[in-house]
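A.B. asks: So that you have it, the file is upload.txt, and it contains compact mmCIF, C-alpha atoms:
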```
# COMPACT_ATOMS: atom_id res chain seq x y z
CA MET A 12 -2.33 0.79 23.35
CA GLY A 13 -1.24 1.23 19.75
CA LEU A 14 -1.84 4.49 17.94
CA THR A 15 -4.23 2.82 15.48
CA SER A 16 -6.07 0.57 17.95
CA ASN A 17 -9.84 0.79 18.33
CA ASN A 18 -9.52 1.08 22.12
CA ILE A 19 -7.62 4.34 22.09
CA VAL A 20 -10.07 5.89 19.61
CA ILE A 21 -13.01 4.83 21.79
CA ILE A 22 -11.36 6.14 24.96
CA SER A 23 -10.58 9.49 23.32
CA VAL A 24 -14.19 9.87 22.15
CA ILE A 25 -15.54 9.02 25.61
CA ALA A 26 -13.12 11.49 27.22
CA ALA A 27 -14.20 14.23 24.83
CA VAL A 28 -17.89 13.61 25.51
CA LEU A 29 -17.40 13.51 29.30
CA LEU A 30 -15.32 16.70 29.35
CA PHE A 31 -17.85 18.48 27.15
CA ALA A 32 -20.67 17.43 29.50
CA ALA A 33 -18.59 18.45 32.54
CA THR A 34 -17.94 21.87 31.01
CA ILE A 35 -21.67 22.47 30.50
CA TRP A 36 -22.45 21.22 34.02
CA LEU A 37 -19.75 23.19 35.83
CA TRP A 38 -19.96 26.40 33.78
CA PRO A 39 -22.44 28.15 36.14
CA ARG A 40 -20.14 27.45 39.10
CA LEU A 41 -17.22 29.03 37.25
CA ALA A 42 -19.12 32.15 36.21
CA GLY A 43 -17.46 34.42 38.76
CA ARG A 44 -14.84 37.11 38.05
CA GLY A 45 -12.18 35.81 40.41
CA VAL A 46 -8.87 34.38 39.28
CA THR A 47 -9.91 30.86 40.24
CA ALA A 48 -13.13 31.06 38.21
CA VAL A 49 -11.36 32.48 35.15
CA LEU A 50 -8.61 29.86 35.29
CA GLY A 51 -11.27 27.17 35.74
CA ARG A 52 -13.12 28.28 32.62
CA VAL A 53 -9.94 28.49 30.58
CA GLY A 54 -8.83 25.07 31.82
CA MET A 55 -12.18 23.44 31.02
CA LEU A 56 -12.25 24.95 27.53
CA LEU A 57 -8.68 23.94 26.74
CA ALA A 58 -9.17 20.41 28.08
CA THR A 59 -12.40 19.97 26.11
CA GLN A 60 -10.89 21.27 22.90
CA PHE A 61 -7.81 19.11 23.33
CA THR A 62 -9.82 15.92 23.77
CA VAL A 63 -12.15 16.76 20.86
CA PHE A 64 -9.21 17.42 18.52
CA ALA A 65 -7.43 14.32 19.81
CA ALA A 66 -10.51 12.17 19.13
CA PHE A 67 -10.88 13.53 15.60
CA GLY A 68 -7.16 13.19 14.96
CA LEU A 69 -6.95 9.60 16.21
CA PHE A 70 -10.03 8.61 14.20
CA ALA A 71 -8.68 10.28 11.04
CA ASN A 72 -5.29 8.63 11.51
CA GLN A 73 -6.89 5.21 11.96
CA SER A 74 -9.01 5.74 8.84
CA PHE A 75 -6.34 7.16 6.55
CA GLY A 76 -3.15 5.61 7.94
CA PHE A 77 -1.01 8.73 8.27
CA TYR A 78 1.04 7.23 11.13
CA GLY A 79 1.31 3.58 12.10
CA SER A 80 2.68 3.87 15.63
CA TRP A 81 3.51 6.34 18.40
CA SER A 82 7.17 6.28 17.39
CA ASP A 83 6.19 7.06 13.81
CA LEU A 84 4.08 10.01 15.01
CA LEU A 85 6.87 11.35 17.21
CA GLY A 86 9.51 10.98 14.53
CA ASN A 87 11.27 8.13 16.28
CA GLU A 88 10.64 5.54 13.55
CA ASP A 89 13.50 3.05 13.67
CA GLU A 90 12.58 0.73 10.78
CA PRO A 91 15.79 1.50 8.84
CA GLY A 92 17.65 -0.47 11.47
CA VAL A 93 16.18 -3.82 10.45
CA VAL A 94 18.32 -6.75 11.58
CA VAL A 95 17.77 -9.98 9.69
CA ASN A 96 18.98 -13.14 11.43
CA HIS A 97 19.67 -15.98 9.01
CA ASP A 98 18.90 -19.01 11.11
CA THR A 99 18.98 -21.19 8.01
CA PRO A 100 21.64 -20.65 5.33
CA GLY A 101 20.07 -19.12 2.23
CA THR A 102 16.92 -17.96 4.01
CA ARG A 103 15.84 -14.55 2.74
CA VAL A 104 12.50 -14.34 4.58
CA ARG A 105 12.19 -14.44 8.36
CA VAL A 106 8.78 -14.47 10.02
CA THR A 107 8.73 -12.20 13.07
CA GLU A 108 5.03 -12.12 13.94
CA THR A 109 1.81 -14.00 13.12
CA ARG A 110 -1.62 -12.40 13.09
CA HIS A 111 -4.96 -14.18 12.95
CA MET A 112 -7.53 -12.94 10.48
CA LYS A 113 -11.10 -12.72 11.74
CA VAL A 114 -14.12 -13.32 9.53
CA ASP A 115 -17.75 -14.18 10.29
CA GLU A 116 -17.04 -17.91 10.12
CA GLY A 117 -14.13 -17.82 12.56
CA SER A 118 -10.42 -17.06 12.80
CA SER A 119 -8.64 -20.35 12.09
CA PRO A 120 -6.19 -20.21 9.16
CA LYS A 121 -8.25 -22.73 7.15
CA VAL A 122 -11.26 -20.42 7.41
CA ALA A 123 -9.87 -16.88 7.53
CA GLY A 124 -6.30 -17.19 6.31
CA ARG A 125 -3.34 -15.69 8.16
CA ILE A 126 -1.12 -12.62 8.09
CA GLU A 127 2.60 -12.98 8.77
CA LYS A 128 4.96 -10.09 9.41
CA VAL A 129 8.31 -10.80 7.83
CA ASN A 130 11.71 -9.31 7.15
CA ILE A 131 12.91 -9.74 3.58
CA GLN A 132 16.57 -9.48 2.69
CA GLY A 133 17.66 -8.58 -0.82
CA PRO A 134 21.14 -9.91 -1.61
CA VAL A 135 21.31 -8.13 -4.98
CA SER A 136 19.95 -4.75 -3.87
CA ARG A 137 21.49 -5.05 -0.39
CA ILE A 138 18.21 -3.82 1.05
CA ALA A 139 16.38 -5.47 3.95
CA GLY A 140 12.80 -4.45 4.59
CA PRO A 141 9.64 -5.46 6.47
CA ALA A 142 6.42 -6.66 4.87
CA TYR A 143 3.14 -8.36 5.72
CA ILE A 144 2.22 -11.58 3.90
CA TYR A 145 -1.45 -12.52 3.60
CA LEU A 146 -1.93 -16.25 3.12
CA PRO A 147 -5.48 -17.18 2.01
CA PRO A 148 -7.40 -20.02 3.70
CA GLU A 149 -6.72 -22.33 0.76
CA TYR A 150 -2.99 -22.17 1.54
CA PHE A 151 -3.69 -24.25 4.68
CA LYS A 152 -6.08 -26.80 3.19
CA PRO A 153 -4.82 -30.32 2.36
CA GLU A 154 -6.27 -30.30 -1.16
CA TYR A 155 -4.04 -27.31 -1.99
CA ALA A 156 -0.90 -28.72 -0.38
CA LYS A 157 0.96 -29.17 -3.69
CA ARG A 158 -0.36 -26.05 -5.37
CA ARG A 159 1.64 -22.91 -6.03
CA PHE A 160 -0.35 -19.70 -5.70
CA PRO A 161 -0.25 -16.45 -7.65
CA ALA A 162 0.99 -13.43 -5.71
CA ALA A 163 0.44 -9.69 -5.76
CA LEU A 164 2.87 -7.11 -4.43
CA VAL A 165 0.78 -4.40 -2.71
CA LEU A 166 2.37 -0.98 -2.20
CA THR A 167 1.34 2.05 -0.15
CA GLY A 168 1.86 5.65 -1.19
CA TYR A 169 4.58 7.90 0.25
CA PRO A 170 5.29 8.04 3.12
CA GLY A 171 2.58 5.54 3.99
CA THR A 172 2.45 2.75 6.55
CA THR A 173 2.10 -0.92 5.70
CA GLU A 174 -0.53 -1.30 8.43
CA ALA A 175 -2.77 1.05 6.45
CA LEU A 176 -3.03 -1.60 3.72
CA ILE A 177 -4.57 -3.93 6.31
CA ASN A 178 -6.52 -1.57 8.58
CA GLY A 179 -7.33 1.23 6.13
CA LEU A 180 -7.66 -0.22 2.63
CA LYS A 181 -8.38 -3.73 3.95
CA TYR A 182 -6.65 -5.67 1.19
CA PRO A 183 -6.71 -9.07 2.97
CA GLN A 184 -10.37 -8.65 3.95
CA ASN A 185 -11.34 -7.69 0.40
CA ALA A 186 -9.37 -10.59 -1.08
CA HIS A 187 -11.07 -13.02 1.31
CA LYS A 188 -14.56 -11.81 0.32
CA LEU A 189 -13.75 -11.91 -3.40
CA VAL A 190 -12.42 -15.48 -3.23
CA LYS A 191 -15.38 -16.61 -1.15
CA SER A 192 -17.81 -15.16 -3.71
CA GLY A 193 -15.94 -16.77 -6.60
CA ARG A 194 -14.80 -13.46 -8.11
CA MET A 195 -11.09 -13.97 -7.49
CA GLN A 196 -8.73 -16.91 -7.28
CA PRO A 197 -6.83 -17.48 -4.01
CA THR A 198 -3.86 -15.11 -4.11
CA ILE A 199 -1.02 -14.39 -1.72
CA LEU A 200 -0.57 -10.68 -0.95
CA VAL A 201 2.85 -9.22 -0.16
CA MET A 202 2.07 -5.88 1.48
CA THR A 203 4.73 -3.25 2.05
CA ARG A 204 5.61 0.37 1.36
CA PRO A 205 7.83 1.66 -1.42
CA THR A 206 9.94 3.61 1.07
CA VAL A 207 12.92 1.28 1.41
CA ALA A 208 15.28 3.98 2.72
CA PRO A 209 13.11 6.16 4.98
CA PRO A 210 12.60 9.04 5.11
CA ARG A 211 13.73 9.32 1.49
CA ASP A 212 11.15 8.86 -1.26
CA THR A 213 12.96 6.75 -3.83
CA GLU A 214 9.96 6.36 -6.20
CA CYS A 215 11.08 2.74 -6.69
CA VAL A 216 14.14 3.91 -8.62
CA ASP A 217 17.60 2.35 -8.61
CA VAL A 218 19.25 5.56 -7.46
CA PRO A 219 22.82 5.93 -8.79
CA HIS A 220 25.15 5.38 -5.82
CA GLY A 221 22.03 5.13 -3.63
CA PRO A 222 19.21 2.74 -2.65
CA GLN A 223 18.50 0.12 -5.30
CA ALA A 224 14.75 0.10 -4.72
CA GLU A 225 13.70 -1.14 -8.17
CA THR A 226 16.05 -4.10 -7.94
CA PHE A 227 14.71 -4.98 -4.50
CA PHE A 228 11.07 -5.07 -5.68
CA THR A 229 11.59 -6.67 -9.10
CA LYS A 230 14.32 -9.21 -8.32
CA ASP A 231 15.01 -9.78 -4.63
CA LEU A 232 11.48 -9.72 -3.21
CA PRO A 233 9.75 -12.05 -5.71
CA LYS A 234 12.61 -14.55 -5.52
CA ALA A 235 12.69 -14.51 -1.71
CA VAL A 236 8.93 -14.92 -1.35
CA SER A 237 8.78 -17.68 -3.98
CA GLU A 238 11.50 -19.61 -2.16
CA HIS A 239 9.83 -19.31 1.24
CA TYR A 240 6.15 -19.74 0.29
CA ARG A 241 4.31 -21.83 -2.31
CA VAL A 242 4.25 -19.01 -4.85
CA GLY A 243 4.80 -19.24 -8.59
CA ARG A 244 8.16 -17.98 -9.84
CA GLU A 245 7.24 -16.71 -13.29
CA ALA A 246 6.03 -13.26 -14.31
CA ARG A 247 2.60 -14.71 -15.13
CA ASN A 248 2.28 -15.63 -11.44
CA TRP A 249 3.00 -12.10 -10.16
CA GLY A 250 1.14 -8.81 -10.24
CA VAL A 251 1.65 -5.49 -8.46
CA ILE A 252 -0.84 -2.91 -7.21
CA GLY A 253 -0.41 0.40 -5.39
CA ASN A 254 -1.96 3.77 -4.69
CA SER A 255 -0.44 7.20 -5.39
CA THR A 256 3.36 6.75 -5.37
CA GLY A 257 2.78 3.01 -5.06
CA GLY A 258 0.60 3.20 -8.17
CA TYR A 259 3.38 4.85 -10.17
CA CYS A 260 5.79 2.21 -8.89
CA ALA A 261 3.41 -0.59 -9.89
CA LEU A 262 2.94 0.62 -13.46
CA LYS A 263 6.61 1.47 -13.93
CA MET A 264 7.96 -1.82 -12.62
CA ALA A 265 5.62 -3.86 -14.81
CA MET A 266 6.48 -1.77 -17.88
CA ARG A 267 10.22 -1.87 -17.21
CA HIS A 268 10.31 -5.47 -15.94
CA PRO A 269 7.72 -7.64 -17.72
CA ASP A 270 9.93 -10.56 -16.71
CA ALA A 271 8.93 -9.88 -13.08
CA PHE A 272 5.27 -8.76 -13.26
CA SER A 273 2.65 -9.55 -15.89
CA ALA A 274 -0.04 -7.18 -14.58
CA ALA A 275 -0.11 -3.92 -12.65
CA VAL A 276 -2.68 -1.61 -11.08
CA GLY A 277 -2.07 2.09 -10.45
CA LEU A 278 -4.70 3.69 -8.19
CA SER A 279 -4.42 7.49 -8.60
CA PRO A 280 -0.89 7.12 -9.98
CA SER A 281 1.51 9.71 -11.28
CA TYR A 282 3.27 8.91 -14.54
CA ARG A 283 6.72 10.26 -13.79
CA ALA A 284 8.82 10.60 -10.66
CA PRO A 285 8.86 14.02 -8.98
CA ILE A 286 12.10 15.67 -7.98
CA ASP A 287 11.71 17.51 -4.68
CA ALA A 288 13.03 17.72 -1.13
CA THR A 289 11.74 14.22 -0.28
CA THR A 290 13.33 12.50 -3.28
CA GLY A 291 16.60 14.31 -3.77
CA ASP A 292 18.38 13.62 -7.06
CA LEU A 293 16.95 10.25 -8.11
CA PHE A 294 18.79 10.00 -11.40
CA GLY A 295 22.29 11.23 -10.67
CA GLY A 296 21.92 13.97 -13.24
CA SER A 297 21.22 11.43 -16.00
CA THR A 298 18.58 12.63 -18.48
CA LYS A 299 18.52 9.14 -20.01
CA LEU A 300 17.62 7.49 -16.70
CA GLU A 301 15.01 10.14 -15.95
CA ARG A 302 13.32 9.59 -19.31
CA GLU A 303 13.33 5.83 -18.88
CA ASN A 304 11.35 6.28 -15.66
CA ASP A 305 8.82 8.55 -17.40
CA LEU A 306 5.88 6.32 -18.37
CA MET A 307 4.58 8.60 -21.13
CA TRP A 308 8.05 8.77 -22.69
CA ARG A 309 8.36 4.98 -22.53
CA LEU A 310 5.13 4.51 -24.47
CA ASP A 311 6.47 6.75 -27.23
CA HIS A 312 10.06 5.53 -27.39
CA LYS A 313 10.38 2.00 -25.96
CA PRO A 314 9.04 -1.36 -27.20
CA ALA A 315 5.59 -2.04 -25.76
CA PRO A 316 5.89 -4.70 -23.03
CA PRO A 317 3.52 -7.72 -22.89
CA VAL A 318 1.73 -6.65 -19.70
CA SER A 319 -1.80 -5.73 -18.62
CA LEU A 320 -2.29 -2.38 -16.89
CA LEU A 321 -5.18 -0.85 -14.93
CA VAL A 322 -5.24 2.84 -14.01
CA SER A 323 -7.75 4.80 -11.94
CA SER A 324 -8.73 8.44 -11.51
CA SER A 325 -11.82 10.62 -11.07
CA GLU A 326 -13.25 13.35 -13.23
CA HIS A 327 -13.59 15.68 -10.25
CA GLY A 328 -11.14 15.59 -7.35
CA GLU A 329 -8.03 13.99 -8.85
CA LYS A 330 -5.24 16.05 -10.38
CA ASN A 331 -4.08 13.16 -12.54
CA TYR A 332 -7.30 12.80 -14.57
CA LYS A 333 -5.99 14.40 -17.78
CA ASP A 334 -2.69 12.51 -17.58
CA THR A 335 -4.57 9.26 -16.96
CA MET A 336 -6.75 9.70 -20.03
CA ARG A 337 -3.66 10.62 -22.04
CA PHE A 338 -1.92 7.46 -20.83
CA VAL A 339 -4.96 5.31 -21.69
CA ASN A 340 -5.19 6.84 -25.18
CA LYS A 341 -1.49 6.21 -25.84
CA VAL A 342 -1.81 2.52 -24.91
CA GLN A 343 -4.99 2.18 -26.99
CA THR A 344 -3.09 3.57 -29.97
CA LEU A 345 -0.42 0.91 -29.42
CA ASN A 346 -3.16 -1.76 -29.25
CA ARG A 347 -4.51 -0.70 -32.63
CA ARG A 348 -1.00 -1.16 -34.00
CA GLY A 349 -0.92 -4.72 -32.68
CA LYS A 350 1.37 -4.07 -29.71
CA PRO A 351 1.05 -6.42 -26.68
CA THR A 352 0.40 -3.92 -23.87
CA ARG A 353 -3.21 -4.01 -22.62
CA ILE A 354 -4.98 -1.21 -20.75
CA SER A 355 -8.07 -0.96 -18.53
CA SER A 356 -9.31 2.01 -16.55
CA MET A 357 -11.54 2.80 -13.58
CA ILE A 358 -12.77 6.38 -13.71
CA LEU A 359 -14.97 7.68 -10.90
CA GLU A 360 -17.22 10.69 -11.29
CA THR A 361 -15.91 12.24 -8.07
CA GLY A 362 -13.20 11.23 -5.62
CA GLY A 363 -10.18 12.88 -4.06
CA HIS A 364 -6.64 11.65 -3.61
CA ASN A 365 -7.46 9.84 -0.36
CA PHE A 366 -8.25 6.55 1.33
CA ASN A 367 -12.00 6.94 0.91
CA THR A 368 -11.55 6.94 -2.87
CA TRP A 369 -9.11 4.02 -2.86
CA ARG A 370 -11.40 1.96 -0.63
CA ARG A 371 -14.02 2.25 -3.36
CA GLU A 372 -11.54 1.03 -5.96
CA VAL A 373 -9.65 -1.77 -4.21
CA PRO A 374 -12.28 -4.57 -4.57
CA ALA A 375 -12.70 -4.08 -8.34
CA ALA A 376 -8.95 -3.65 -8.79
CA LEU A 377 -8.18 -6.87 -6.91
CA GLU A 378 -10.78 -8.76 -8.93
CA TRP A 379 -9.23 -7.43 -12.16
CA LEU A 380 -5.70 -8.29 -11.02
CA GLY A 381 -6.60 -11.77 -9.83
CA GLY A 382 -8.17 -12.53 -13.19
CA ARG A 383 -4.90 -11.84 -14.98
CA LEU A 384 -2.57 -13.94 -12.86
CA SER A 385 -1.85 -17.62 -13.34
CA ASP A 386 -1.27 -20.34 -10.75
CA ARG A 387 0.54 -22.51 -13.30
```
As structure tokens, please, write out the structure in this file.
C.D. replies:
Amino acid sequence: MGLTSNNIVIISVIAAVLLFAATIWLWPRLAGRGVTAVLGRVGMLLATQFTVFAAFGLFANQSFGFYGSWSDLLGNEDEPGVVVNHDTPGTRVRVTETRHMKVDEGSSPKVAGRIEKVNIQGPVSRIAGPAYIYLPPEYFKPEYAKRRFPAALVLTGYPGTTEALINGLKYPQNAHKLVKSGRMQPTILVMTRPTVAPPRDTECVDVPHGPQAETFFTKDLPKAVSEHYRVGREARNWGVIGNSTGGYCALKMAMRHPDAFSAAVGLSPSYRAPIDATTGDLFGGSTKLERENDLMWRLDHKPAPPVSLLVSSSEHGEKNYKDTMRFVNKVQTLNRRGKPTRISSMILETGGHNFNTWRREVPAALEWLGGRLSDR
């Protein structure tokens, strides 16, 4: 059973309840002062506590997506060793797994859509990475056979697991509901994490003499996906959305590469890349490169790009609230001067830097993003 499966959470809860009941039931029999009785009490208490903590831990992990698999939990994650077989010359996307979506009306692709796990190779960045592709039901309907769809790159935070975008934040499920209710156009979702060279946090930067993460996401990935699926190839067809580190990446890549993305959503984003033990030296000692990846600095010193941006925060619970309002005000000032960058915001009254907050924001953010992408 997988670490995030419902079955293992249910089994752990049942085990905790049964051991708790057994402890209450057997406690009178273990009330003696002998070694056996003492060891019995200690054993029952330890076993009960272990199962209770395990149940809470497994449920929290499933809800918030801290670890995606047992190997990830144990530190044996082997994703860096992705091998991409090119069965067809020029193929940059290889499907490795197909998952059926389940909705109330059924699970066939024409009703629920489909999720494909893929490996994407970037010939320019020389990075190969895994992703999940959500194809909406319309993708499989005859009347849409000649249509190209808009696409959104969906990024986790750091370290993050791609599965959390499906099981935790439920991007495909939200997109399906929004399309069904007429609040969003059918859109292909490309779900992945910004960590292209784990365990290093590259903050979607082209690191000098290191991983070329920005090139992978802004050049290689859109081109590969557009060649493999019926996805538009222009910036107006592509948007990007992410939470936390993924939110910073989304805003930065749209601002630095308006030729790749026309709209971006940052859920609880930062506005500059941190430098710490997880990132190492991202800029090779270059002050120029560091400034160019600082979003506040870009608004003050670089030409305003023709993109639409959405940022989110909360008045109580998020550390980025003041920076978010500062960012919004800077873009509004540019608007009043006739510059082409557009800004929207989603400010909650309360909400921490966690999945519960982002789950509240994802539906509105997807609706906003879908309304700014073109299928032409």
A.B. asks: Which one of A:Asn17, A:Thr203, A:Ser325, A:Gln343 sits closest to Ala175 in chain A if you count all atoms listed in the file?
C.D. replies: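 Distance minimum relative to Ala175 in chain A lands on A:Thr203.
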A.B. asks: Env of range 22-32 of chain A: 9 Å cut, atoms = all atoms listed in the file, seq-sep filter 6 positions within chain, self excluded. Answer as JSON, numbers by chain.
C.D. replies: {"A": [55, 56, 58, 59, 60, 61, 62, 63, 64, 65, 66, 67, 69]}
A.B. asks: Given the selection you just returned, output its residues as a file containing C-alpha atoms, formatted as a JSON list (two decimals), keeping the file's coordinate frame.
C.D. replies:
```
[["chain", "number", "residue", "atom", "x", "y", "z"],
["A", 55, "MET", "CA", -12.18, 23.44, 31.02],
["A", 56, "LEU", "CA", -12.25, 24.95, 27.53],
["A", 58, "ALA", "CA", -9.17, 20.41, 28.08],
["A", 59, "THR", "CA", -12.40, 19.97, 26.11],
["A", 60, "GLN", "CA", -10.89, 21.27, 22.90],
["A", 61, "PHE", "CA", -7.81, 19.11, 23.33],
["A", 62, "THR", "CA", -9.82, 15.92, 23.77],
["A", 63, "VAL", "CA", -12.15, 16.76, 20.86],
["A", 64, "PHE", "CA", -9.21, 17.42, 18.52],
["A", 65, "ALA", "CA", -7.43, 14.32, 19.81],
["A", 66, "ALA", "CA", -10.51, 12.17, 19.13],
["A", 67, "PHE", "CA", -10.88, 13.53, 15.60],
["A", 69, "LEU", "CA", -6.95, 9.60, 16.21]]
```
A.B. asks: Given all atoms listed in the file as the basis, pick out the residue of A:Ala235, A:Ala275, A:Leu200, A:Ala162 nearest to Pro183 in chain A.
C.D. replies: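 Of all the options, A:Leu200 lies closest to Pro183 in chain A.
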A.B. asks: Which value, in Å to one decimal, gives the distance between CA of Val207 in chain A and CA of Glu245 in chain A?
C.D. replies: 23.9 Å
A.B. asks: Counting all atoms listed in the file, write as a list in words all protein and nucleic acid residues lying at most 6 Å from (8.5, -5.3, -10.3) in the file's frame.
C.D. replies: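 Nearby residues: Phe228, Thr229, Met264, Ala265, His268, Ala271 and Phe272 of chain A.
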A.B. asks: Could you check which residues have any atom within 10 Å of (5.7, -10.2, -14.2), counting only C-alpha atoms with coordinates taken straight from the file, and then list them as a list in words?
C.D. replies: Ala163, Thr229, Pro233, Arg244, Glu245, Ala246, Arg247, Asn248, Trp249, Gly250, Val251, Met264, Ala265, Met266, Arg267, His268, Pro269, Asp270, Ala271, Phe272, Ser273, Ala274, Ala275, Pro317, Val318, Ser319 and Leu384 of chain A
A.B. asks: Take every atom of range 159-165 of chain A listed in the file, fit an axis-aligned box around them, add 3 Å per side, and give the centre and edge lengths in Å to one decimal as JSON.
C.D. replies:
```
{"center_x": 1.3, "center_y": -13.7, "center_z": -5.2, "size_x": 9.2, "size_y": 24.5, "size_z": 10.9}
```
A.B. asks: Quick check, in Å to one decimal: how far apart do CA of Tyr282 in chain A and CA of Gly258 in chain A lie?
C.D. replies: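 Straight-line distance from CA of Tyr282 in chain A to CA of Gly258 in chain A works out to 9.0 Å.
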A.B. asks: Skipping near chain neighbours, those fewer than 6 positions away, what residues fall within 10 Å of Ile286 in chain A using all atoms listed in the file, listed as a ChimeraX atom specification?
C.D. replies: /A:212-214,292-294
